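Each remark here refers to the structure printed beneath this line.
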Amino acid sequence: MACHTPGCMGEHGAGTITHTVIYRQRTIELHSVPASLCPDCGDVVLSDETMIVLEDLLKRRTARSKKSAFAYEA
């Protein structure tokens, strides 16, 4: 897929990232999140499926734990 950043001619490829979010007034790090990455400019795109999994993971894990870092589990 072509990069979305104006002026960038890079092509996105599969990879993983650490995604940081603020959820219920807590900063949470999610490791090994699958993403589409542009090697030229660093643009990152998360799929709809990945976003659904992340939302579910945040709801389940933060309710039971005070940890601030979790691994992505599909």
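Ligands are numbered from 1 in the order shown, chains are lettered A, B, ... in the order of the structure tokens, and residues start at 1 in each chain.
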Item to complete: Just the residues within 10 Å of Ser68 (chain A), please, counting only C-alpha atoms, with nothing from its chain fewer than 2 positions along; format it as a PyMOL selection string.
Response: chain A and resi 20+26-30+61-62+65-66+70
For the selection you just gave me, I'd like the residues written to a file as a compact mmCIF listing (two decimals), in the first residue's frame, keeping N, CA and C atoms.
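Heads up, here's the output in result_5.txt:
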```txt
# COMPACT_ATOMS: atom_id res chain seq x y z
N THR A 20 1.33 3.48 22.47
CA THR A 20 1.05 4.08 23.77
C THR A 20 -0.27 4.83 23.70
N ARG A 26 -4.90 6.68 32.56
CA ARG A 26 -3.66 5.92 32.74
C ARG A 26 -2.93 5.86 31.41
N THR A 27 -1.61 5.93 31.46
CA THR A 27 -0.81 5.75 30.26
C THR A 27 -0.47 4.28 30.16
N ILE A 28 -0.88 3.66 29.03
CA ILE A 28 -0.70 2.22 28.83
C ILE A 28 0.17 1.99 27.60
N GLU A 29 1.15 1.11 27.71
CA GLU A 29 1.98 0.71 26.56
C GLU A 29 1.54 -0.68 26.11
N LEU A 30 1.31 -0.81 24.82
CA LEU A 30 0.93 -2.10 24.22
C LEU A 30 2.05 -2.51 23.28
N ARG A 61 -7.94 -6.04 30.38
CA ARG A 61 -6.73 -6.04 31.20
C ARG A 61 -6.69 -4.92 32.23
N THR A 62 -7.12 -3.73 31.87
CA THR A 62 -7.01 -2.61 32.82
C THR A 62 -8.02 -2.74 33.95
N SER A 65 -5.95 -5.22 36.37
CA SER A 65 -4.53 -5.05 36.65
C SER A 65 -4.15 -3.58 36.77
N LYS A 66 -3.14 -3.33 37.56
CA LYS A 66 -2.58 -1.98 37.69
C LYS A 66 -1.35 -1.82 36.80
N PHE A 70 1.30 -4.05 28.36
CA PHE A 70 0.73 -5.33 28.00
C PHE A 70 1.23 -5.74 26.62
```
Chain A: which residues are alpha helix (DSSP H) by DSSP, as a PDB file with C-alpha atoms, in the first residue's frame?
```pdb
ATOM      1  CA  ASP A  48      -9.729  -1.968  11.932  1.00  0.00           C
ATOM      2  CA  GLU A  49      -9.289  -5.522  13.254  1.00  0.00           C
ATOM      3  CA  THR A  50      -6.222  -4.500  15.268  1.00  0.00           C
ATOM      4  CA  MET A  51      -8.089  -1.528  16.752  1.00  0.00           C
ATOM      5  CA  ILE A  52     -10.952  -3.806  17.851  1.00  0.00           C
ATOM      6  CA  VAL A  53      -8.494  -6.202  19.510  1.00  0.00           C
ATOM      7  CA  LEU A  54      -6.729  -3.287  21.243  1.00  0.00           C
ATOM      8  CA  GLU A  55      -9.995  -1.884  22.606  1.00  0.00           C
ATOM      9  CA  ASP A  56     -10.989  -5.310  23.940  1.00  0.00           C
ATOM     10  CA  LEU A  57      -7.533  -5.852  25.459  1.00  0.00           C
ATOM     11  CA  LEU A  58      -7.649  -2.480  27.227  1.00  0.00           C
ATOM     12  CA  LYS A  59     -11.116  -3.136  28.639  1.00  0.00           C
ATOM     13  CA  ARG A  60     -10.246  -6.634  29.908  1.00  0.00           C
ATOM     14  CA  ARG A  61      -6.731  -6.040  31.197  1.00  0.00           C
ATOM     15  CA  THR A  62      -7.012  -2.615  32.817  1.00  0.00           C
ATOM     16  CA  ALA A  63     -10.062  -3.692  34.802  1.00  0.00           C
ATOM     17  CA  ARG A  64      -8.032  -6.470  36.487  1.00  0.00           C
TER      18      ARG A  64
END
```
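Residues lying within 8 Å of Met1 (chain A), counting only C-alpha atoms and ignoring same-chain neighbours fewer than 6 positions away, are Glu11, His12 and Gly13 of chain A.
Proximity to Pro34 (chain A) was assessed for A:Ser47, A:Gly10, A:Ala69, A:Ala2 counting only C-alpha atoms; the smallest distance is recorded for A:Ser47.
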Practice prompt. Using DSSP on the backbone, list every residue of chain A that comes out as strand (DSSP E), and give them as a ChimeraX atom specification.
Written response: /A:13-23,26-37,44-45,69-71
Convert the current residue selection to file output with N, CA and C atoms, as a tab-separated table (two decimals), in the first residue's frame.
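That gives us result_8.tsv:
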```tsv
chain	number	residue	atom	x	y	z
A	13	GLY	N	4.70	-1.64	4.67
A	13	GLY	CA	4.95	-3.06	4.83
A	13	GLY	C	4.55	-3.49	6.23
A	14	ALA	N	4.41	-4.78	6.43
A	14	ALA	CA	3.99	-5.31	7.73
A	14	ALA	C	5.12	-5.20	8.74
A	15	GLY	N	4.74	-4.92	9.98
A	15	GLY	CA	5.70	-4.83	11.09
A	15	GLY	C	4.95	-4.79	12.40
A	16	THR	N	5.67	-4.55	13.48
A	16	THR	CA	5.04	-4.40	14.79
A	16	THR	C	5.56	-3.12	15.44
A	17	ILE	N	4.74	-2.56	16.32
A	17	ILE	CA	5.09	-1.33	17.02
A	17	ILE	C	4.75	-1.46	18.50
A	18	THR	N	5.25	-0.53	19.30
A	18	THR	CA	4.77	-0.33	20.66
A	18	THR	C	3.84	0.87	20.57
A	19	HIS	N	2.59	0.65	20.97
A	19	HIS	CA	1.55	1.68	20.85
A	19	HIS	C	1.23	2.19	22.25
A	20	THR	N	1.33	3.48	22.47
A	20	THR	CA	1.05	4.08	23.77
A	20	THR	C	-0.27	4.83	23.70
A	21	VAL	N	-1.14	4.57	24.67
A	21	VAL	CA	-2.45	5.24	24.72
A	21	VAL	C	-2.71	5.73	26.14
A	22	ILE	N	-3.55	6.74	26.25
A	22	ILE	CA	-4.06	7.16	27.55
A	22	ILE	C	-5.47	6.61	27.65
A	23	TYR	N	-5.69	5.75	28.64
A	23	TYR	CA	-6.97	5.07	28.79
A	23	TYR	C	-7.40	5.18	30.24
A	26	ARG	N	-4.90	6.68	32.56
A	26	ARG	CA	-3.66	5.92	32.74
A	26	ARG	C	-2.93	5.86	31.41
A	27	THR	N	-1.61	5.93	31.46
A	27	THR	CA	-0.81	5.75	30.26
A	27	THR	C	-0.47	4.28	30.16
A	28	ILE	N	-0.88	3.66	29.03
A	28	ILE	CA	-0.70	2.22	28.83
A	28	ILE	C	0.17	1.99	27.60
A	29	GLU	N	1.15	1.11	27.71
A	29	GLU	CA	1.98	0.71	26.56
A	29	GLU	C	1.54	-0.68	26.11
A	30	LEU	N	1.31	-0.81	24.82
A	30	LEU	CA	0.93	-2.10	24.22
A	30	LEU	C	2.05	-2.51	23.28
A	31	HIS	N	2.70	-3.63	23.58
A	31	HIS	CA	3.86	-4.08	22.83
A	31	HIS	C	3.48	-5.09	21.75
A	32	SER	N	4.26	-5.14	20.70
A	32	SER	CA	4.10	-6.10	19.59
A	32	SER	C	2.77	-5.96	18.86
A	33	VAL	N	2.33	-4.73	18.66
A	33	VAL	CA	1.08	-4.47	17.95
A	33	VAL	C	1.34	-4.53	16.44
A	34	PRO	N	0.60	-5.37	15.70
A	34	PRO	CA	0.81	-5.43	14.26
A	34	PRO	C	0.36	-4.12	13.59
A	35	ALA	N	1.16	-3.66	12.64
A	35	ALA	CA	0.86	-2.40	11.97
A	35	ALA	C	1.45	-2.41	10.57
A	36	SER	N	0.97	-1.49	9.75
A	36	SER	CA	1.52	-1.27	8.43
A	36	SER	C	2.43	-0.05	8.54
A	37	LEU	N	3.72	-0.20	8.20
A	37	LEU	CA	4.71	0.84	8.43
A	37	LEU	C	5.35	1.31	7.13
A	44	VAL	N	2.48	5.17	10.26
A	44	VAL	CA	1.95	3.91	10.81
A	44	VAL	C	0.44	3.87	10.60
A	45	VAL	N	-0.06	2.71	10.15
A	45	VAL	CA	-1.49	2.50	10.00
A	45	VAL	C	-1.87	1.23	10.73
A	69	ALA	N	1.84	-1.88	31.09
A	69	ALA	CA	2.34	-2.40	29.81
A	69	ALA	C	1.77	-3.79	29.57
A	70	PHE	N	1.30	-4.05	28.36
A	70	PHE	CA	0.73	-5.33	28.00
A	70	PHE	C	1.23	-5.74	26.62
A	71	ALA	N	1.24	-7.04	26.35
A	71	ALA	CA	1.58	-7.55	25.03
A	71	ALA	C	0.29	-7.73	24.24
```
